[in-house]
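This is protein_13.cif. It holds mmCIF, C-alpha atoms and all ligand atoms.
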```
data_protein
#
loop_
_atom_site.label_atom_id
_atom_site.label_comp_id
_atom_site.auth_asym_id
_atom_site.auth_seq_id
_atom_site.Cartn_x
_atom_site.Cartn_y
_atom_site.Cartn_z
CA MET D 116 -7.34 21.46 7.82
CA LYS D 117 -6.02 20.58 4.38
CA CYS D 118 -5.79 17.00 3.26
CA ILE D 119 -4.22 15.27 0.26
CA VAL D 120 -4.28 11.67 -0.97
CA ILE D 121 -1.11 10.61 -2.81
CA TYR D 122 -0.69 7.18 -4.36
CA GLU D 123 1.55 5.01 -6.50
CA SER D 124 -0.22 2.20 -8.29
CA LYS D 125 1.30 -0.03 -10.96
CA TYR D 126 -1.88 -1.83 -12.04
CA GLY D 127 -4.62 0.40 -10.65
CA TYR D 128 -5.68 -1.41 -7.45
CA THR D 129 -4.27 1.19 -5.04
CA LYS D 130 -5.57 3.94 -7.30
CA ARG D 131 -9.14 2.70 -6.87
CA TYR D 132 -8.84 2.94 -3.08
CA ALA D 133 -7.03 6.30 -3.21
CA SER D 134 -9.67 7.78 -5.56
CA TRP D 135 -12.51 6.61 -3.32
CA ILE D 136 -10.86 8.00 -0.18
CA ALA D 137 -10.24 11.39 -1.84
CA GLN D 138 -13.83 11.43 -3.10
CA GLN D 139 -15.18 10.72 0.39
CA LEU D 140 -13.00 13.42 1.93
CA GLU D 141 -13.52 15.81 -0.99
CA CYS D 142 -9.83 16.47 -1.05
CA GLU D 143 -7.00 16.55 -3.58
CA LEU D 144 -5.87 13.30 -5.22
CA ARG D 145 -2.41 13.10 -6.77
CA GLU D 146 -0.24 10.42 -8.30
CA LYS D 147 3.10 10.25 -6.51
CA LYS D 148 5.16 10.95 -9.62
CA THR D 149 3.48 14.36 -9.99
CA VAL D 150 4.20 15.44 -6.40
CA LYS D 151 7.27 17.41 -5.36
CA ALA D 152 8.20 16.58 -1.75
CA GLU D 153 8.09 20.25 -0.71
CA GLU D 154 4.43 20.43 -1.73
CA MET D 155 3.53 18.23 1.24
CA ALA D 156 4.34 21.15 3.52
CA CYS D 157 1.05 22.80 2.42
CA PHE D 158 -1.10 20.03 3.90
CA ASP D 159 -2.08 19.11 7.46
CA VAL D 160 -3.10 15.54 6.66
CA ILE D 161 -1.17 13.44 4.16
CA ILE D 162 -2.63 10.11 3.11
CA TYR D 163 -0.17 7.93 1.18
CA GLY D 164 -1.10 4.64 -0.48
CA GLY D 165 1.12 2.23 -2.37
CA GLY D 166 1.01 -1.32 -3.71
CA LEU D 167 3.11 -3.99 -2.02
CA TYR D 168 6.03 -5.33 -4.04
CA ALA D 169 8.33 -7.95 -2.50
CA GLY D 170 7.32 -6.73 0.96
CA GLY D 171 7.98 -3.04 0.24
CA VAL D 172 5.48 -0.26 -0.39
CA SER D 173 5.65 1.23 -3.86
CA GLY D 174 6.83 4.86 -3.85
CA ILE D 175 7.11 5.08 -0.06
CA SER D 176 10.39 7.00 -0.34
CA LEU D 177 8.31 10.18 -0.71
CA ILE D 178 7.35 9.69 2.95
CA THR D 179 10.43 7.98 4.36
CA LYS D 180 13.03 10.26 2.76
CA ASN D 181 11.37 13.52 3.85
CA PRO D 182 10.86 13.28 7.62
CA ALA D 183 11.74 16.94 8.20
CA LEU D 184 8.92 18.05 5.88
CA ILE D 185 6.20 15.92 7.42
CA SER D 186 7.18 15.22 11.03
CA GLU D 187 4.55 17.69 12.32
CA LYS D 188 1.82 16.47 9.94
CA ASN D 189 -0.76 13.77 10.44
CA VAL D 190 0.35 11.02 8.09
CA ILE D 191 -1.85 8.08 7.15
CA LEU D 192 -0.20 5.27 5.22
CA PHE D 193 -2.07 2.48 3.52
CA THR D 194 -0.70 -0.58 1.78
CA CYS D 195 -2.48 -2.52 -0.95
CA GLY D 196 -1.38 -6.09 -1.54
CA LEU D 197 -2.49 -9.54 -2.55
CA ALA D 198 -2.01 -10.96 0.94
CA ASP D 199 -5.12 -11.02 3.11
CA PRO D 200 -4.87 -8.19 5.70
CA SER D 201 -7.29 -9.97 8.02
CA ASP D 202 -4.50 -12.49 8.71
CA PRO D 203 -2.29 -11.16 11.57
CA GLU D 204 0.70 -13.07 10.18
CA ASN D 205 0.52 -11.03 6.96
CA ILE D 206 0.20 -7.75 8.86
CA GLU D 207 3.18 -8.62 11.03
CA HIS D 208 5.31 -9.27 7.97
CA ILE D 209 4.32 -5.97 6.29
CA ARG D 210 4.93 -4.03 9.53
CA THR D 211 8.34 -5.62 10.05
CA GLU D 212 9.38 -4.45 6.59
CA LEU D 213 7.89 -0.98 7.19
CA LYS D 214 9.79 -0.60 10.47
CA LYS D 215 13.04 -0.91 8.56
CA VAL D 216 12.31 2.17 6.43
CA ILE D 217 10.15 4.49 8.52
CA PRO D 218 12.22 7.11 10.37
CA SER D 219 11.42 7.43 14.09
CA LYS D 220 10.78 11.14 13.53
CA ILE D 221 7.49 10.47 11.74
CA GLU D 222 6.37 7.40 13.72
CA LYS D 223 4.49 9.39 16.37
CA ASN D 224 2.07 10.98 13.88
CA LEU D 225 1.74 7.98 11.59
CA THR D 226 -1.30 5.71 11.31
CA ILE D 227 -1.06 2.60 9.13
CA PHE D 228 -3.81 0.64 7.37
CA HIS D 229 -3.70 -2.43 5.16
CA LEU D 230 -6.03 -3.05 2.23
CA ARG D 231 -6.37 -5.91 -0.22
CA GLY D 232 -5.78 -5.45 -3.93
CA GLY D 233 -5.58 -8.07 -6.62
CA ILE D 234 -3.49 -9.35 -9.49
CA ASP D 235 -3.99 -10.09 -13.16
CA TYR D 236 -1.09 -12.11 -14.52
CA SER D 237 -2.05 -11.31 -18.11
CA ARG D 238 -1.33 -7.62 -17.40
CA LEU D 239 2.01 -8.00 -15.62
CA GLY D 240 5.06 -6.48 -17.25
CA PHE D 241 8.03 -8.68 -18.14
CA VAL D 242 10.02 -7.95 -14.96
CA HIS D 243 7.06 -8.54 -12.63
CA LYS D 244 6.03 -11.69 -14.51
CA SER D 245 9.58 -13.07 -14.19
CA MET D 246 9.76 -12.16 -10.49
CA MET D 247 6.49 -13.95 -9.78
CA ALA D 248 7.57 -17.00 -11.81
CA MET D 249 10.83 -17.21 -9.84
CA LEU D 250 9.04 -16.75 -6.53
CA CYS D 251 6.49 -19.40 -7.40
CA HIS D 252 9.26 -21.81 -8.43
CA MET D 253 11.01 -21.26 -5.07
CA MET D 254 7.77 -21.67 -3.08
CA LYS D 255 6.91 -24.92 -4.80
CA LYS D 256 10.18 -26.40 -3.54
CA LYS D 257 9.23 -25.75 0.09
CA GLU D 258 7.11 -27.90 2.37
CA ILE D 259 3.58 -26.48 2.56
CA ASP D 260 3.90 -26.06 6.36
CA ASP D 261 7.00 -23.89 5.90
CA LEU D 262 5.13 -21.40 3.72
CA ARG D 263 3.73 -18.14 5.07
CA ALA D 264 0.03 -17.46 4.51
CA GLU D 265 0.87 -14.88 1.84
CA ASP D 266 3.07 -17.38 0.00
CA ARG D 267 0.26 -19.94 -0.03
CA GLU D 268 -2.08 -17.26 -1.39
CA MET D 269 0.43 -16.40 -4.07
CA LEU D 270 0.65 -20.05 -5.13
CA ARG D 271 -3.14 -20.45 -5.06
CA THR D 272 -3.68 -17.45 -7.34
CA TYR D 273 -0.59 -17.88 -9.56
CA GLY D 274 -1.36 -17.25 -13.23
CA LYS D 275 -4.94 -16.15 -12.57
CA GLU D 276 -6.85 -12.92 -12.22
CA VAL D 277 -8.16 -12.09 -8.77
CA ASP D 278 -9.62 -8.81 -7.55
CA PHE D 279 -10.27 -8.31 -3.86
CA VAL D 280 -10.75 -4.54 -3.99
CA ASP D 281 -13.63 -3.47 -1.78
CA VAL D 282 -13.58 0.30 -1.35
CA LYS D 283 -15.73 0.07 1.77
CA THR D 284 -12.76 -1.52 3.57
CA ALA D 285 -11.11 1.91 3.25
CA GLN D 286 -13.80 3.53 5.42
CA PRO D 287 -11.55 3.42 8.57
CA ILE D 288 -9.02 5.56 6.66
CA VAL D 289 -11.70 8.15 5.88
CA ASP D 290 -12.83 8.09 9.51
CA CYS D 291 -9.25 8.49 10.72
CA ALA D 292 -8.66 11.51 8.46
CA ARG D 293 -11.94 13.08 9.64
CA GLN D 294 -10.71 12.81 13.21
CA PHE D 295 -8.16 15.43 12.25
CA ASP D 296 -11.06 17.68 11.21
CA CYS D 297 -9.89 17.37 7.67
CA CYS D 298 -11.87 18.61 4.68
CA LEU D 299 -14.94 19.64 6.67
C1 LIG D 301 6.46 -8.64 -8.49
C2 LIG D 301 5.34 -8.57 -7.53
C3 LIG D 301 5.58 -8.63 -6.17
C4 LIG D 301 4.53 -8.59 -5.24
N1 LIG D 301 4.80 -8.67 -3.90
C5 LIG D 301 3.77 -8.65 -3.03
C6 LIG D 301 4.01 -8.75 -1.62
O1 LIG D 301 5.14 -8.81 -1.16
N2 LIG D 301 2.94 -8.76 -0.79
C7 LIG D 301 1.64 -8.68 -1.26
O2 LIG D 301 0.71 -8.72 -0.46
N3 LIG D 301 1.39 -8.55 -2.58
C8 LIG D 301 2.41 -8.53 -3.46
N4 LIG D 301 2.17 -8.40 -4.81
C9 LIG D 301 0.79 -8.14 -5.27
C10 LIG D 301 0.52 -6.64 -5.40
O3 LIG D 301 0.75 -5.99 -4.19
C11 LIG D 301 -0.94 -6.46 -5.83
O4 LIG D 301 -1.03 -6.86 -7.18
C12 LIG D 301 -1.45 -5.05 -5.64
O5 LIG D 301 -2.84 -5.07 -5.77
C13 LIG D 301 -0.83 -4.10 -6.63
O6 LIG D 301 -1.36 -2.82 -6.45
P1 LIG D 301 -1.14 -1.67 -7.54
O7 LIG D 301 -1.75 -2.13 -8.84
O8 LIG D 301 -1.87 -0.50 -7.00
O9 LIG D 301 0.34 -1.42 -7.65
C14 LIG D 301 3.19 -8.45 -5.72
C15 LIG D 301 2.95 -8.36 -7.11
C16 LIG D 301 4.00 -8.40 -8.00
C17 LIG D 301 3.71 -8.31 -9.47
#
```
Let's see the structure in the file written out as structure tokens.
Ligand SMILES: Cc1cc2nc3c(=O)[nH]c(=O)nc-3n(C[C@H](O)[C@H](O)[C@H](O)COP(=O)(O)O)c2cc1C
Amino acid sequence: MKCIVIYESKYGYTKRYASWIAQQLECELREKKTVKAEEMACFDVIIYGGGLYAGGVSGISLITKNPALISEKNVILFTCGLADPSDPENIEHIRTELKKVIPSKIEKNLTIFHLRGGIDYSRLGFVHKSMMAMLCHMMKKKEIDDLRAEDREMLRTYGKEVDFVDVKTAQPIVDCARQFDCCL
């Protein structure tokens, strides 16, 4: 079985998980922008990881726009966001957004995991900084009880640097890929 880990990572958090997973599985690691969709046909297990941005997974179109190429493959998707994935409310929100973009054709062979990244406001680009400032401004206007857990976390960490990456939390992804006899 041939396995590949593909990722898109704006600030490096997803990349750290993707690199560790590929290292554990001793398989190929590629940044999404270097991958041509047709190349996925050469692999039996495709692991895709992307950072969460406004509820969407960065670069996920590689998976969602090519169902014909990957419908018979084992696809593992992982998200990497600031919101705590141990909170079921956060998972529900991410999954609701994913449902809107994942074609039914690939659902049957798709396994999804959620990992926690981080944020460093001093490194954000202008657009991301402005988006976060606007979001924070909107959140502050709401009653605290009306905020989702991820919004409260965003307000708590606004302007700071936080890093929740713990590569060991990606172990279930490695175990899942090994179930497919990958990279023996
Ligand atoms: C503009 C913006 C929007 C974001 N939206 C979300 C979000 O909807 N949910 C979440 O959990 N984290 C969100 N985050 C946090 C990122 O997902 C987090 O920084 C992640 O670790 C980035 O991973 P990357 O560096 O691999 O791209 C957002 C960050 C920015 C800058």
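Straight-line separation from CA of Leu167 in chain D to atom C8 of ligand LIG 301 (chain D): 4.8 Å.
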Could you pull the residues within 12 Å of Arg267 in chain D, counting all atoms listed in the file, minus those fewer than 3 positions along the same chain, as a ChimeraX atom specification? /D:197-199,205,250-251,253-255,257-264,270-273
Residue selection dump (C-alpha atoms) as a PDB file, in the coordinates of the input:
```
ATOM      1  CA  LEU D 197      -2.490  -9.540  -2.550  1.00  0.00           C
ATOM      2  CA  ALA D 198      -2.010 -10.960   0.940  1.00  0.00           C
ATOM      3  CA  ASP D 199      -5.120 -11.020   3.110  1.00  0.00           C
ATOM      4  CA  ASN D 205       0.520 -11.030   6.960  1.00  0.00           C
ATOM      5  CA  LEU D 250       9.040 -16.750  -6.530  1.00  0.00           C
ATOM      6  CA  CYS D 251       6.490 -19.400  -7.400  1.00  0.00           C
ATOM      7  CA  MET D 253      11.010 -21.260  -5.070  1.00  0.00           C
ATOM      8  CA  MET D 254       7.770 -21.670  -3.080  1.00  0.00           C
ATOM      9  CA  LYS D 255       6.910 -24.920  -4.800  1.00  0.00           C
ATOM     10  CA  LYS D 257       9.230 -25.750   0.090  1.00  0.00           C
ATOM     11  CA  GLU D 258       7.110 -27.900   2.370  1.00  0.00           C
ATOM     12  CA  ILE D 259       3.580 -26.480   2.560  1.00  0.00           C
ATOM     13  CA  ASP D 260       3.900 -26.060   6.360  1.00  0.00           C
ATOM     14  CA  ASP D 261       7.000 -23.890   5.900  1.00  0.00           C
ATOM     15  CA  LEU D 262       5.130 -21.400   3.720  1.00  0.00           C
ATOM     16  CA  ARG D 263       3.730 -18.140   5.070  1.00  0.00           C
ATOM     17  CA  ALA D 264       0.030 -17.460   4.510  1.00  0.00           C
ATOM     18  CA  LEU D 270       0.650 -20.050  -5.130  1.00  0.00           C
ATOM     19  CA  ARG D 271      -3.140 -20.450  -5.060  1.00  0.00           C
ATOM     20  CA  THR D 272      -3.680 -17.450  -7.340  1.00  0.00           C
ATOM     21  CA  TYR D 273      -0.590 -17.880  -9.560  1.00  0.00           C
TER      22      TYR D 273
END
```
Excluding Leu140 in chain D and its own-chain neighbours fewer than 5 positions away, which residues fall within 12 Å of it when counting all atoms listed in the file? Please give them as a list in words. Met116, Lys117, Cys118, Ile119, Val120, Ala133, Ser134, Trp135, Val160, Ile162, Ala285, Gln286, Ile288, Val289, Asp290, Cys291, Ala292, Arg293, Gln294, Phe295, Asp296, Cys297, Cys298 and Leu299 of chain D
Selected residues, C-alpha atoms, written as a PDB file, in the frame of the given file, please.
```pdb
ATOM      1  CA  MET D 116      -7.340  21.460   7.820  1.00  0.00           C
ATOM      2  CA  LYS D 117      -6.020  20.580   4.380  1.00  0.00           C
ATOM      3  CA  CYS D 118      -5.790  17.000   3.260  1.00  0.00           C
ATOM      4  CA  ILE D 119      -4.220  15.270   0.260  1.00  0.00           C
ATOM      5  CA  VAL D 120      -4.280  11.670  -0.970  1.00  0.00           C
ATOM      6  CA  ALA D 133      -7.030   6.300  -3.210  1.00  0.00           C
ATOM      7  CA  SER D 134      -9.670   7.780  -5.560  1.00  0.00           C
ATOM      8  CA  TRP D 135     -12.510   6.610  -3.320  1.00  0.00           C
ATOM      9  CA  VAL D 160      -3.100  15.540   6.660  1.00  0.00           C
ATOM     10  CA  ILE D 162      -2.630  10.110   3.110  1.00  0.00           C
ATOM     11  CA  ALA D 285     -11.110   1.910   3.250  1.00  0.00           C
ATOM     12  CA  GLN D 286     -13.800   3.530   5.420  1.00  0.00           C
ATOM     13  CA  ILE D 288      -9.020   5.560   6.660  1.00  0.00           C
ATOM     14  CA  VAL D 289     -11.700   8.150   5.880  1.00  0.00           C
ATOM     15  CA  ASP D 290     -12.830   8.090   9.510  1.00  0.00           C
ATOM     16  CA  CYS D 291      -9.250   8.490  10.720  1.00  0.00           C
ATOM     17  CA  ALA D 292      -8.660  11.510   8.460  1.00  0.00           C
ATOM     18  CA  ARG D 293     -11.940  13.080   9.640  1.00  0.00           C
ATOM     19  CA  GLN D 294     -10.710  12.810  13.210  1.00  0.00           C
ATOM     20  CA  PHE D 295      -8.160  15.430  12.250  1.00  0.00           C
ATOM     21  CA  ASP D 296     -11.060  17.680  11.210  1.00  0.00           C
ATOM     22  CA  CYS D 297      -9.890  17.370   7.670  1.00  0.00           C
ATOM     23  CA  CYS D 298     -11.870  18.610   4.680  1.00  0.00           C
ATOM     24  CA  LEU D 299     -14.940  19.640   6.670  1.00  0.00           C
TER      25      LEU D 299
END
```
Residue with the minimum atom-to-atom distance to ligand LIG 301 (chain D), picked from D:Ser237, D:Asn224, D:Ser176, D:Asn189 with all atoms listed in the file counted, is D:Ser237
Computed interatomic separation between CA of Tyr236 in chain D and atom C17 of ligand LIG 301 (chain D) (Å): 7.9 Å
Using all atoms listed in the file, which residues have at least one atom no more than 8 Å from ligand LIG 301 (chain D)? Output them as a count of residues only. 39
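CA of Lys151 in chain D is found 23.3 Å from CA of Lys223 in chain D.
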